[in-house]
Amino acid sequence: MATPVRHLHQHDGETVTVRGWLANKRSSGKIAFLHVRDGSGTVQCVVSRAEVSDEAWEDVKRVTQESTVRVTGIARRDQRAPGGVEIHATDFKVKALSDDFPITKKEHGTAFLMEHRHLWLRSSRQRAALRVRSEVCQAIRDFFYEREFTLIDSPILTPTACEGTSTLFQTDYFGTPAYLSQSGQLYLEPAAAALGKVYCMGPTFRAEKSKTRRHLMEFWMVEPEVAFLELDGLIQLAEEFVCYLVCRVLERCRDELAVLERDVSRLEKITPRFPHVTYGEAIESLQGAGYDVRWGDDFGAEHETFLASQHDKPLFVSRFPAAIKAFYMQPDPQDEKLALGIDLLAPEGYGEIIGGSQRIHDYELLRRRIEEHQLPLEAFRWYLDIRRYGTFPHSGFGMGIERFVCWMCGLSHLRETIPYPRMLHKIYP
Ligand code: 4AD
Ligand code: MG
């Protein structure tokens, strides 16, 4: 039975076997240093010519990067060794020789790496980012579980648009058009009437025709929806959620953040309370800084970066002009032109990580909004029903998992936060 590299420190002085792939080899005639990666970690194996069979030594000589190997030897704790343990080999075997591995220590261009994404995953930075992602997803589930939310899986194939008709991926559903889900929200709202506090987490799709470092065509979103929750409660939930996730990453992903050379002091500052401005105040501060924006404009990436750069913590922006937001947002009772929506902008230029709102719960108003947005009323009949059978104020938000992970890891592009990114005109591998 093979021992995971991660657990080797529990086997000091014992004979162990490790199975994995050859990450690196240095050799000087009589002694070889082999780095073996098994998915759980990487260990240095020291092989002395004098201590192994001729056959094993032949394998040491012929082994290439990424060949599948098996090493048996004595585990020895050693502070100087990477990972704190070394194996003094008594046997070494190549199980499958690797062809010339395309990704080597030298610098490769992004296009090349993306083309080889299936192999690039083996690199230390990629592994670190994907582990952070995995921890974030686990933390999301724990957060909602601890707070007694019920998981509701929203459908992927849908008859309607949630976030505007310009970014829909259309497909054929037995002769009628269907769309890949842009958000699970519309399906969560009825579930909130059934179960009170619900959330979904799954892939969402947007045919974003722009090529930016913050957009993917397929991304994962986590969305809570809560009955009787209004805007202030929503802001508090989003803040608590983000702090919980950051804490968890700091607690459990120290090694990964080190591999990624993330400045963790920036993340340690993410504690309650987050600053908050209204859209109107944000526009004024942008104008004051010389940006050419007018009331009614949507923010671009540079505006978000400027606004967030004024703070060490994420910044809430609320009360947007209703005209630039989705049809379902509750109007501000103080000013009908404004929508009770929030965006949360991450610091360090990572942009919007959360978008959410209080939802319209008045039947007539929602019906009017659907018409004004020229959406097909018939397709939304079920959604309107929620306002017919015991309507209730409710709110929710969506957080893009890749945006959040990108910020945690300090990466410059979303493509490294998801195993197989789907980008404009790029679907291979
Ligand atoms: O602000 P958005 O469009 O909000 C919604 O979809 C709501 N229905 C959510 C809700 O209230 N339940 O998207 C939410 C988040 C954004 O803040 C961003 O983090 C992420 O989803 N996002 C994207 N991430 C990667 N690539 C894209 N193309 C994204 N579009 C949105
Ligand atoms: Mg948004």
# chains A, B, ... in the order shown; residues from 1 in each chain; ligands from 1
>>> residues_near_ligand(ligand="ligand 2", cutoff="8 Å", atoms="only C-alpha atoms and all ligand atoms", output="count of residues only")
5
>>> residues_around(residues="segment 365-369 of chain A", least_positions_apart="2", cutoff="10 Å", atoms="only C-alpha atoms", output="JSON, numbers by chain")
{"A": [326, 327, 328, 329, 330, 331, 359, 360, 361, 362, 363, 371, 372, 373, 374, 375, 377, 380, 381, 383, 384, 387]}
>>> closest_atom_pairs(of="chain A", to="ligand 1", cutoff="6 Å", atoms="only C-alpha atoms and all ligand atoms", output="JSON lines")
{"residue": "A:Glu163", "atom": "CA", "partner": "ligand 1", "partner_atom_place_in_ligand_line": "6 (O)", "distance": 5.9}
{"residue": "A:Ser183", "atom": "CA", "partner": "ligand 1", "partner_atom_place_in_ligand_line": "6 (O)", "distance": 4.8}
{"residue": "A:Gln185", "atom": "CA", "partner": "ligand 1", "partner_atom_place_in_ligand_line": "12 (N)", "distance": 4.5}
{"residue": "A:Arg206", "atom": "CA", "partner": "ligand 1", "partner_atom_place_in_ligand_line": "28 (N)", "distance": 5.7}
{"residue": "A:Arg214", "atom": "CA", "partner": "ligand 1", "partner_atom_place_in_ligand_line": "26 (N)", "distance": 5.9}
{"residue": "A:His215", "atom": "CA", "partner": "ligand 1", "partner_atom_place_in_ligand_line": "26 (N)", "distance": 3.6}
{"residue": "A:Leu216", "atom": "CA", "partner": "ligand 1", "partner_atom_place_in_ligand_line": "26 (N)", "distance": 3.9}
{"residue": "A:Met217", "atom": "CA", "partner": "ligand 1", "partner_atom_place_in_ligand_line": "28 (N)", "distance": 5.5}
{"residue": "A:Phe219", "atom": "CA", "partner": "ligand 1", "partner_atom_place_in_ligand_line": "25 (C)", "distance": 5.2}
{"residue": "A:Met221", "atom": "CA", "partner": "ligand 1", "partner_atom_place_in_ligand_line": "21 (O)", "distance": 5.9}
{"residue": "A:Glu223", "atom": "CA", "partner": "ligand 1", "partner_atom_place_in_ligand_line": "12 (N)", "distance": 4.8}
{"residue": "A:Glu352", "atom": "CA", "partner": "ligand 1", "partner_atom_place_in_ligand_line": "17 (O)", "distance": 5.0}
{"residue": "A:Ile353", "atom": "CA", "partner": "ligand 1", "partner_atom_place_in_ligand_line": "19 (O)", "distance": 3.6}
{"residue": "A:Ile354", "atom": "CA", "partner": "ligand 1", "partner_atom_place_in_ligand_line": "17 (O)", "distance": 3.5}
{"residue": "A:Gly355", "atom": "CA", "partner": "ligand 1", "partner_atom_place_in_ligand_line": "1 (O)", "distance": 3.8}
{"residue": "A:Gly356", "atom": "CA", "partner": "ligand 1", "partner_atom_place_in_ligand_line": "11 (O)", "distance": 3.9}
{"residue": "A:Ser357", "atom": "CA", "partner": "ligand 1", "partner_atom_place_in_ligand_line": "11 (O)", "distance": 5.9}
{"residue": "A:Gly396", "atom": "CA", "partner": "ligand 1", "partner_atom_place_in_ligand_line": "11 (O)", "distance": 5.0}
{"residue": "A:Phe397", "atom": "CA", "partner": "ligand 1", "partner_atom_place_in_ligand_line": "11 (O)", "distance": 3.5}
{"residue": "A:Gly398", "atom": "CA", "partner": "ligand 1", "partner_atom_place_in_ligand_line": "9 (C)", "distance": 3.7}
{"residue": "A:Met399", "atom": "CA", "partner": "ligand 1", "partner_atom_place_in_ligand_line": "15 (C)", "distance": 4.5}
{"residue": "A:Gly400", "atom": "CA", "partner": "ligand 1", "partner_atom_place_in_ligand_line": "19 (O)", "distance": 3.4}
{"residue": "A:Arg403", "atom": "CA", "partner": "ligand 1", "partner_atom_place_in_ligand_line": "19 (O)", "distance": 5.4}
>>> write_last_selection(atoms="C-alpha atoms", output="PDB file, in the first residue's frame")
ATOM      1  CA  GLU A 163     -29.651  38.652 -16.197  1.00  0.00           C
ATOM      2  CA  SER A 183     -28.168  32.533 -12.458  1.00  0.00           C
ATOM      3  CA  GLN A 185     -31.899  33.102  -8.493  1.00  0.00           C
ATOM      4  CA  ARG A 206     -22.905  34.020 -19.982  1.00  0.00           C
ATOM      5  CA  ARG A 214     -12.612  39.117 -15.033  1.00  0.00           C
ATOM      6  CA  HIS A 215     -15.018  37.305 -17.351  1.00  0.00           C
ATOM      7  CA  LEU A 216     -15.561  33.660 -18.112  1.00  0.00           C
ATOM      8  CA  MET A 217     -18.309  32.201 -20.281  1.00  0.00           C
ATOM      9  CA  PHE A 219     -18.376  30.300 -14.101  1.00  0.00           C
ATOM     10  CA  MET A 221     -21.886  31.046  -8.639  1.00  0.00           C
ATOM     11  CA  GLU A 223     -26.439  32.281  -4.391  1.00  0.00           C
ATOM     12  CA  GLU A 352     -17.231  43.103  -8.278  1.00  0.00           C
ATOM     13  CA  ILE A 353     -17.336  39.808  -6.418  1.00  0.00           C
ATOM     14  CA  ILE A 354     -20.963  39.963  -5.267  1.00  0.00           C
ATOM     15  CA  GLY A 355     -24.142  41.310  -6.843  1.00  0.00           C
ATOM     16  CA  GLY A 356     -27.459  41.128  -5.042  1.00  0.00           C
ATOM     17  CA  SER A 357     -30.711  42.846  -4.177  1.00  0.00           C
ATOM     18  CA  GLY A 396     -30.399  37.358  -2.047  1.00  0.00           C
ATOM     19  CA  PHE A 397     -27.049  37.715  -3.710  1.00  0.00           C
ATOM     20  CA  GLY A 398     -24.713  35.865  -6.031  1.00  0.00           C
ATOM     21  CA  MET A 399     -20.955  35.533  -5.643  1.00  0.00           C
ATOM     22  CA  GLY A 400     -18.752  34.437  -8.504  1.00  0.00           C
ATOM     23  CA  ARG A 403     -13.687  36.124  -8.794  1.00  0.00           C
TER      24      ARG A 403
END
>>> atom_distance(atom1="atom CA of Phe92 of chain A", atom2="atom CA of Ser28 of chain A")
16.7 Å
>>> residues_around(residues="Thr17 of chain A", least_positions_apart="3", cutoff="9 Å", atoms="only C-alpha atoms", output="ChimeraX atom specification")
/A:1-4,70-74
>>> residues_around(residues="segment 48-63 of chain A", least_positions_apart="3", cutoff="6 Å", atoms="only C-alpha atoms", output="PDB file with all heavy atoms, in the first residue's frame")
ATOM      1  N   LYS A  30      26.745   8.790  -8.761  1.00  0.00           N
ATOM      2  CA  LYS A  30      26.550   7.786  -7.711  1.00  0.00           C
ATOM      3  C   LYS A  30      25.304   8.021  -6.868  1.00  0.00           C
ATOM      4  O   LYS A  30      24.870   7.156  -6.128  1.00  0.00           O
ATOM      5  CB  LYS A  30      27.772   7.791  -6.781  1.00  0.00           C
ATOM      6  CG  LYS A  30      29.019   7.231  -7.429  1.00  0.00           C
ATOM      7  CD  LYS A  30      30.024   6.852  -6.341  1.00  0.00           C
ATOM      8  CE  LYS A  30      31.279   6.262  -6.907  1.00  0.00           C
ATOM      9  NZ  LYS A  30      32.182   7.276  -7.507  1.00  0.00           N
ATOM     10  N   ILE A  31      24.751   9.226  -6.974  1.00  0.00           N
ATOM     11  CA  ILE A  31      23.589   9.540  -6.135  1.00  0.00           C
ATOM     12  C   ILE A  31      22.603  10.388  -6.948  1.00  0.00           C
ATOM     13  O   ILE A  31      23.015  11.215  -7.764  1.00  0.00           O
ATOM     14  CB  ILE A  31      24.039  10.252  -4.823  1.00  0.00           C
ATOM     15  CG1 ILE A  31      22.877  10.391  -3.848  1.00  0.00           C
ATOM     16  CG2 ILE A  31      24.672  11.592  -5.083  1.00  0.00           C
ATOM     17  CD1 ILE A  31      23.334  10.594  -2.414  1.00  0.00           C
ATOM     18  N   THR A  90      15.278   2.331  -1.213  1.00  0.00           N
ATOM     19  CA  THR A  90      15.847   0.991  -1.304  1.00  0.00           C
ATOM     20  C   THR A  90      15.424   0.361  -2.635  1.00  0.00           C
ATOM     21  O   THR A  90      15.987  -0.620  -3.077  1.00  0.00           O
ATOM     22  CB  THR A  90      15.372   0.109  -0.130  1.00  0.00           C
ATOM     23  OG1 THR A  90      13.946   0.190  -0.062  1.00  0.00           O
ATOM     24  CG2 THR A  90      15.974   0.568   1.176  1.00  0.00           C
ATOM     25  N   ASP A  91      14.399   0.939  -3.231  1.00  0.00           N
ATOM     26  CA  ASP A  91      13.957   0.456  -4.544  1.00  0.00           C
ATOM     27  C   ASP A  91      13.301   1.592  -5.323  1.00  0.00           C
ATOM     28  O   ASP A  91      12.684   2.482  -4.724  1.00  0.00           O
ATOM     29  CB  ASP A  91      12.962  -0.706  -4.379  1.00  0.00           C
ATOM     30  CG  ASP A  91      12.714  -1.417  -5.719  1.00  0.00           C
ATOM     31  OD1 ASP A  91      13.608  -1.382  -6.598  1.00  0.00           O
ATOM     32  OD2 ASP A  91      11.614  -1.990  -5.873  1.00  0.00           O
ATOM     33  N   PHE A  92      13.448   1.526  -6.642  1.00  0.00           N
ATOM     34  CA  PHE A  92      12.834   2.552  -7.489  1.00  0.00           C
ATOM     35  C   PHE A  92      12.407   1.897  -8.785  1.00  0.00           C
ATOM     36  O   PHE A  92      13.148   1.090  -9.355  1.00  0.00           O
ATOM     37  CB  PHE A  92      13.849   3.668  -7.791  1.00  0.00           C
ATOM     38  CG  PHE A  92      13.300   4.718  -8.728  1.00  0.00           C
ATOM     39  CD1 PHE A  92      12.399   5.679  -8.278  1.00  0.00           C
ATOM     40  CD2 PHE A  92      13.668   4.733 -10.072  1.00  0.00           C
ATOM     41  CE1 PHE A  92      11.870   6.632  -9.142  1.00  0.00           C
ATOM     42  CE2 PHE A  92      13.142   5.685 -10.942  1.00  0.00           C
ATOM     43  CZ  PHE A  92      12.244   6.630 -10.477  1.00  0.00           C
ATOM     44  N   LYS A  93      11.209   2.191  -9.233  1.00  0.00           N
ATOM     45  CA  LYS A  93      10.730   1.569 -10.464  1.00  0.00           C
ATOM     46  C   LYS A  93       9.960   2.570 -11.312  1.00  0.00           C
ATOM     47  O   LYS A  93       9.120   3.315 -10.813  1.00  0.00           O
ATOM     48  CB  LYS A  93       9.818   0.385 -10.110  1.00  0.00           C
ATOM     49  CG  LYS A  93       9.496  -0.461 -11.309  1.00  0.00           C
ATOM     50  CD  LYS A  93       9.086  -1.871 -10.902  1.00  0.00           C
ATOM     51  CE  LYS A  93       8.790  -2.718 -12.124  1.00  0.00           C
ATOM     52  NZ  LYS A  93       9.893  -2.785 -13.105  1.00  0.00           N
ATOM     53  N   VAL A  94      10.255   2.552 -12.620  1.00  0.00           N
ATOM     54  CA  VAL A  94       9.458   3.337 -13.564  1.00  0.00           C
ATOM     55  C   VAL A  94       8.273   2.470 -13.972  1.00  0.00           C
ATOM     56  O   VAL A  94       8.456   1.378 -14.499  1.00  0.00           O
ATOM     57  CB  VAL A  94      10.293   3.714 -14.811  1.00  0.00           C
ATOM     58  CG1 VAL A  94       9.399   4.346 -15.873  1.00  0.00           C
ATOM     59  CG2 VAL A  94      11.420   4.669 -14.438  1.00  0.00           C
TER      60      VAL A  94
END
>>> select_by_dssp(residues="segment 18-249 of chain A", states="helix (DSSP H, G or I)", output="compact mmCIF listing (two decimals) with N, CA, C and O atoms, in the first residue's frame")
# COMPACT_ATOMS: atom_id res chain seq x y z
N ARG A 49 23.55 4.80 -5.63
CA ARG A 49 23.89 3.69 -6.53
C ARG A 49 24.16 2.42 -5.74
O ARG A 49 23.70 1.33 -6.09
N ALA A 50 24.89 2.57 -4.61
CA ALA A 50 25.33 1.41 -3.82
C ALA A 50 24.18 0.72 -3.08
O ALA A 50 24.31 -0.43 -2.66
N GLU A 51 23.06 1.41 -2.91
CA GLU A 51 22.01 0.85 -2.06
C GLU A 51 20.82 0.27 -2.80
O GLU A 51 19.86 -0.19 -2.19
N ASP A 54 20.76 -3.13 -9.63
CA ASP A 54 21.16 -2.62 -10.96
C ASP A 54 19.94 -2.17 -11.74
O ASP A 54 19.95 -1.15 -12.43
N GLU A 55 18.88 -2.98 -11.60
CA GLU A 55 17.65 -2.69 -12.32
C GLU A 55 17.06 -1.34 -11.90
O GLU A 55 16.65 -0.53 -12.73
N ALA A 56 17.04 -1.13 -10.57
CA ALA A 56 16.50 0.13 -10.04
C ALA A 56 17.35 1.30 -10.54
O ALA A 56 16.83 2.35 -10.92
N TRP A 57 18.67 1.11 -10.53
CA TRP A 57 19.55 2.20 -10.95
C TRP A 57 19.36 2.52 -12.44
O TRP A 57 19.39 3.68 -12.84
N GLU A 58 19.12 1.48 -13.23
CA GLU A 58 18.84 1.70 -14.66
C GLU A 58 17.60 2.57 -14.83
O GLU A 58 17.54 3.46 -15.66
N ASP A 59 16.58 2.30 -13.99
CA ASP A 59 15.35 3.08 -14.03
C ASP A 59 15.60 4.53 -13.60
O ASP A 59 15.02 5.45 -14.17
N VAL A 60 16.47 4.73 -12.62
CA VAL A 60 16.83 6.09 -12.21
C VAL A 60 17.43 6.83 -13.39
O VAL A 60 17.13 8.00 -13.64
N LYS A 61 18.27 6.11 -14.13
CA LYS A 61 18.96 6.77 -15.26
C LYS A 61 18.00 7.13 -16.39
O LYS A 61 18.11 8.17 -17.00
N ARG A 62 16.99 6.25 -16.64
CA ARG A 62 16.17 6.49 -17.81
C ARG A 62 14.90 7.30 -17.51
O ARG A 62 14.21 7.75 -18.43
N THR A 110 1.21 32.30 -22.32
CA THR A 110 -0.12 31.93 -21.84
C THR A 110 -0.88 31.08 -22.86
O THR A 110 -1.55 30.11 -22.49
N ALA A 111 -0.78 31.42 -24.14
CA ALA A 111 -1.51 30.68 -25.17
C ALA A 111 -1.08 29.21 -25.15
O ALA A 111 -1.91 28.31 -25.20
N PHE A 112 0.22 29.00 -25.01
CA PHE A 112 0.75 27.63 -24.96
C PHE A 112 0.24 26.89 -23.73
O PHE A 112 -0.20 25.74 -23.81
N LEU A 113 0.26 27.58 -22.60
CA LEU A 113 -0.19 26.94 -21.36
C LEU A 113 -1.68 26.62 -21.40
O LEU A 113 -2.11 25.56 -20.96
N MET A 114 -2.46 27.52 -21.97
CA MET A 114 -3.91 27.29 -22.06
C MET A 114 -4.22 26.11 -22.98
O MET A 114 -5.12 25.33 -22.73
N GLU A 115 -3.46 26.00 -24.03
CA GLU A 115 -3.58 24.90 -24.99
C GLU A 115 -3.26 23.55 -24.31
O GLU A 115 -3.75 22.51 -24.70
N ARG A 117 -3.74 23.04 -20.95
CA ARG A 117 -4.32 23.20 -19.61
C ARG A 117 -4.38 21.85 -18.86
O ARG A 117 -4.15 21.78 -17.66
N HIS A 118 -4.70 20.80 -19.59
CA HIS A 118 -4.82 19.47 -18.98
C HIS A 118 -3.50 18.99 -18.36
O HIS A 118 -3.49 18.17 -17.45
N LEU A 119 -2.39 19.52 -18.85
CA LEU A 119 -1.08 19.17 -18.28
C LEU A 119 -0.57 20.27 -17.33
O LEU A 119 0.12 20.00 -16.35
N TRP A 120 -0.96 21.50 -17.64
CA TRP A 120 -0.56 22.66 -16.83
C TRP A 120 -1.06 22.49 -15.39
O TRP A 120 -0.45 22.97 -14.44
N SER A 124 2.93 23.63 -9.79
CA SER A 124 2.69 23.93 -8.37
C SER A 124 1.71 25.08 -8.17
O SER A 124 0.84 25.02 -7.30
N ARG A 125 1.82 26.15 -8.96
CA ARG A 125 0.90 27.28 -8.78
C ARG A 125 -0.53 26.90 -9.14
O ARG A 125 -1.48 27.33 -8.49
N GLN A 126 -0.67 26.10 -10.17
CA GLN A 126 -2.02 25.70 -10.57
C GLN A 126 -2.64 24.79 -9.51
O GLN A 126 -3.82 24.92 -9.18
N ARG A 127 -1.81 23.90 -8.99
CA ARG A 127 -2.33 23.02 -7.94
C ARG A 127 -2.74 23.83 -6.72
O ARG A 127 -3.78 23.59 -6.10
N ALA A 128 -1.93 24.83 -6.38
CA ALA A 128 -2.24 25.66 -5.20
C ALA A 128 -3.56 26.41 -5.41
O ALA A 128 -4.42 26.42 -4.53
N ALA A 129 -3.75 26.99 -6.59
CA ALA A 129 -4.98 27.76 -6.84
C ALA A 129 -6.20 26.84 -6.78
O ALA A 129 -7.24 27.21 -6.23
N LEU A 130 -6.07 25.64 -7.32
CA LEU A 130 -7.22 24.73 -7.32
C LEU A 130 -7.53 24.19 -5.92
O LEU A 130 -8.68 23.93 -5.59
N ARG A 131 -6.50 24.09 -5.10
CA ARG A 131 -6.76 23.69 -3.71
C ARG A 131 -7.47 24.81 -2.95
O ARG A 131 -8.37 24.56 -2.14
N VAL A 132 -7.08 26.05 -3.23
CA VAL A 132 -7.77 27.18 -2.59
C VAL A 132 -9.24 27.16 -3.03
O VAL A 132 -10.16 27.29 -2.22
N ARG A 133 -9.47 26.93 -4.31
CA ARG A 133 -10.85 26.87 -4.81
C ARG A 133 -11.65 25.77 -4.09
O ARG A 133 -12.78 25.99 -3.67
N SER A 134 -11.03 24.63 -3.95
CA SER A 134 -11.70 23.52 -3.30
C SER A 134 -12.05 23.87 -1.84
O SER A 134 -13.15 23.58 -1.36
N GLU A 135 -11.11 24.51 -1.16
CA GLU A 135 -11.36 24.91 0.24
C GLU A 135 -12.48 25.94 0.31
O GLU A 135 -13.34 25.88 1.19
N VAL A 136 -12.48 26.89 -0.63
CA VAL A 136 -13.52 27.92 -0.65
C VAL A 136 -14.90 27.26 -0.84
O VAL A 136 -15.86 27.59 -0.14
N CYS A 137 -14.99 26.30 -1.75
CA CYS A 137 -16.28 25.64 -1.99
C CYS A 137 -16.75 24.88 -0.75
O CYS A 137 -17.93 24.89 -0.41
N GLN A 138 -15.79 24.23 -0.07
CA GLN A 138 -16.15 23.52 1.16
C GLN A 138 -16.62 24.51 2.23
O GLN A 138 -17.61 24.28 2.92
N ALA A 139 -15.92 25.63 2.33
CA ALA A 139 -16.26 26.65 3.33
C ALA A 139 -17.65 27.24 3.05
O ALA A 139 -18.41 27.52 3.97
N ILE A 140 -17.98 27.41 1.77
CA ILE A 140 -19.30 27.93 1.40
C ILE A 140 -20.38 26.98 1.91
O ILE A 140 -21.35 27.38 2.54
N ARG A 141 -20.18 25.70 1.66
CA ARG A 141 -21.18 24.71 2.10
C ARG A 141 -21.27 24.71 3.63
O ARG A 141 -22.37 24.65 4.19
N ASP A 142 -20.13 24.78 4.30
CA ASP A 142 -20.14 24.80 5.78
C ASP A 142 -20.86 26.03 6.31
O ASP A 142 -21.65 25.94 7.25
N PHE A 143 -20.58 27.18 5.70
CA PHE A 143 -21.20 28.44 6.15
C PHE A 143 -22.72 28.31 6.13
O PHE A 143 -23.40 28.59 7.12
N PHE A 144 -23.25 27.85 5.01
CA PHE A 144 -24.71 27.79 4.90
C PHE A 144 -25.29 26.64 5.73
O PHE A 144 -26.39 26.76 6.28
N TYR A 145 -24.54 25.58 5.83
CA TYR A 145 -25.02 24.45 6.65
C TYR A 145 -25.13 24.86 8.12
O TYR A 145 -26.14 24.60 8.77
N GLU A 146 -24.08 25.54 8.59
CA GLU A 146 -24.08 25.98 9.99
C GLU A 146 -25.22 26.95 10.28
O GLU A 146 -25.68 27.06 11.40
N THR A 165 -30.97 39.61 -21.83
CA THR A 165 -31.04 38.67 -22.95
C THR A 165 -29.80 38.70 -23.85
O THR A 165 -29.65 37.87 -24.73
N SER A 166 -28.89 39.66 -23.60
CA SER A 166 -27.76 39.80 -24.52
C SER A 166 -26.66 38.77 -24.29
O SER A 166 -25.79 38.59 -25.14
N THR A 167 -26.66 38.09 -23.14
CA THR A 167 -25.56 37.15 -22.87
C THR A 167 -26.06 35.71 -22.76
O THR A 167 -25.45 34.89 -22.09
N GLN A 185 -31.05 32.27 -9.36
CA GLN A 185 -31.90 33.10 -8.49
C GLN A 185 -33.40 32.91 -8.66
O GLN A 185 -34.14 32.75 -7.68
N LEU A 186 -33.88 32.95 -9.90
CA LEU A 186 -35.33 32.93 -10.10
C LEU A 186 -35.94 31.66 -9.51
O LEU A 186 -37.06 31.66 -9.04
N TYR A 187 -35.17 30.58 -9.53
CA TYR A 187 -35.66 29.30 -9.00
C TYR A 187 -35.50 29.20 -7.49
O TYR A 187 -36.13 28.36 -6.84
N LEU A 188 -34.62 30.05 -6.94
CA LEU A 188 -34.44 30.04 -5.48
C LEU A 188 -35.59 30.76 -4.79
O LEU A 188 -35.95 30.42 -3.66
N GLU A 189 -36.13 31.78 -5.45
CA GLU A 189 -37.17 32.59 -4.81
C GLU A 189 -38.39 31.74 -4.42
O GLU A 189 -38.84 31.82 -3.27
N PRO A 190 -38.92 30.90 -5.32
CA PRO A 190 -40.02 30.03 -4.89
C PRO A 190 -39.58 29.07 -3.78
O PRO A 190 -40.36 28.77 -2.86
N ALA A 191 -38.33 28.63 -3.83
CA ALA A 191 -37.85 27.68 -2.82
C ALA A 191 -37.73 28.37 -1.46
O ALA A 191 -37.89 27.73 -0.42
N ALA A 192 -37.49 29.69 -1.46
CA ALA A 192 -37.43 30.43 -0.19
C ALA A 192 -38.80 30.43 0.49
O ALA A 192 -38.89 30.43 1.72
N ALA A 193 -39.88 30.40 -0.33
CA ALA A 193 -41.22 30.33 0.26
C ALA A 193 -41.50 28.93 0.81
O ALA A 193 -42.37 28.74 1.65
N ALA A 194 -40.76 27.95 0.31
CA ALA A 194 -40.94 26.58 0.79
C ALA A 194 -40.06 26.29 2.00
O ALA A 194 -40.46 25.58 2.92
N LEU A 195 -38.82 26.84 1.99
CA LEU A 195 -37.84 26.43 2.99
C LEU A 195 -37.18 27.58 3.75
O LEU A 195 -36.28 27.35 4.56
N LEU A 231 -32.83 44.75 2.61
CA LEU A 231 -31.49 45.15 2.16
C LEU A 231 -30.43 45.16 3.27
O LEU A 231 -29.33 44.65 3.07
N ASP A 232 -30.77 45.74 4.44
CA ASP A 232 -29.75 45.82 5.51
C ASP A 232 -29.30 44.44 5.97
O ASP A 232 -28.11 44.21 6.20
N GLY A 233 -30.26 43.54 6.07
CA GLY A 233 -29.92 42.17 6.48
C GLY A 233 -29.07 41.49 5.42
O GLY A 233 -28.17 40.70 5.73
N LEU A 234 -29.35 41.80 4.18
CA LEU A 234 -28.60 41.20 3.07
C LEU A 234 -27.13 41.64 3.12
O LEU A 234 -26.21 40.83 2.94
N ILE A 235 -26.94 42.93 3.41
CA ILE A 235 -25.57 43.46 3.49
C ILE A 235 -24.81 42.76 4.62
O ILE A 235 -23.66 42.36 4.46
N GLN A 236 -25.50 42.57 5.73
CA GLN A 236 -24.86 41.91 6.87
C GLN A 236 -24.51 40.46 6.53
O GLN A 236 -23.42 39.98 6.88
N LEU A 237 -25.42 39.78 5.84
CA LEU A 237 -25.16 38.38 5.46
C LEU A 237 -23.95 38.30 4.52
O LEU A 237 -23.07 37.44 4.69
N ALA A 238 -23.89 39.19 3.54
CA ALA A 238 -22.78 39.17 2.58
C ALA A 238 -21.45 39.43 3.28
O ALA A 238 -20.43 38.79 2.99
N GLU A 239 -21.47 40.35 4.24
CA GLU A 239 -20.24 40.69 4.96
C GLU A 239 -19.75 39.51 5.81
O GLU A 239 -18.57 39.15 5.79
N GLU A 240 -20.69 38.90 6.52
CA GLU A 240 -20.37 37.76 7.36
C GLU A 240 -19.82 36.60 6.52
O GLU A 240 -18.85 35.93 6.88
N PHE A 241 -20.43 36.41 5.37
CA PHE A 241 -20.06 35.35 4.44
C PHE A 241 -18.62 35.55 3.94
O PHE A 241 -17.78 34.64 4.02
N VAL A 242 -18.33 36.74 3.48
CA VAL A 242 -17.00 37.01 2.93
C VAL A 242 -15.93 36.86 4.03
O VAL A 242 -14.88 36.25 3.81
N CYS A 243 -16.22 37.39 5.22
CA CYS A 243 -15.24 37.28 6.31
C CYS A 243 -15.00 35.82 6.68
O CYS A 243 -13.86 35.41 6.94
N TYR A 244 -16.05 35.03 6.69
CA TYR A 244 -15.94 33.60 7.01
C TYR A 244 -15.03 32.90 6.01
O TYR A 244 -14.14 32.13 6.37
N LEU A 245 -15.25 33.19 4.73
CA LEU A 245 -14.47 32.52 3.69
C LEU A 245 -12.99 32.95 3.73
O LEU A 245 -12.09 32.12 3.58
N VAL A 246 -12.76 34.24 3.93
CA VAL A 246 -11.36 34.72 3.98
C VAL A 246 -10.64 34.06 5.16
O VAL A 246 -9.51 33.58 5.02
N CYS A 247 -11.32 34.02 6.30
CA CYS A 247 -10.74 33.41 7.51
C CYS A 247 -10.35 31.96 7.23
O CYS A 247 -9.28 31.50 7.61
N ARG A 248 -11.23 31.26 6.57
CA ARG A 248 -11.02 29.85 6.29
C ARG A 248 -9.81 29.65 5.36
O ARG A 248 -8.99 28.75 5.56
N VAL A 249 -9.69 30.51 4.37
CA VAL A 249 -8.56 30.41 3.45
C VAL A 249 -7.26 30.68 4.22
O VAL A 249 -6.25 29.98 4.06
>>> atom_distance(atom1="atom CA of Ala81 of chain A", atom2="atom CA of Thr68 of chain A")
22.0 Å
>>> residues_around(residues="Pro421 of chain A", least_positions_apart="3", cutoff="10 Å", atoms="only C-alpha atoms", output="PyMOL selection string")
chain A and resi 114+117+216-219+402+414-418+424+426-429
>>> closest_residue(among="A:Phe404, A:Tyr279, A:Tyr179, A:Phe149", to="Glu225 of chain A", atoms="only C-alpha atoms")
A:Phe149
>>> residues_around(residues="segment 265-278 of chain A", least_positions_apart="5", cutoff="7 Å", atoms="only C-alpha atoms", output="PyMOL selection string")
chain A and resi 239+243+246+312-319
>>> select_by_dssp(residues="segment 313-369 of chain A", states="strand (DSSP E or B)", output="PyMOL selection string")
chain A and resi 315-321+329+331-332+335-346+351-359
>>> closest_residue(among="A:Val69, A:Ala289, A:Gly349, A:Ser395", to="Glu302 of chain A", atoms="only C-alpha atoms")
A:Gly349
>>> residues_around(residues="Glu261 of chain A", least_positions_apart="3", cutoff="9 Å", atoms="only C-alpha atoms", output="VMD selection string")
chain A and resid 256 to 258 264 409 to 410
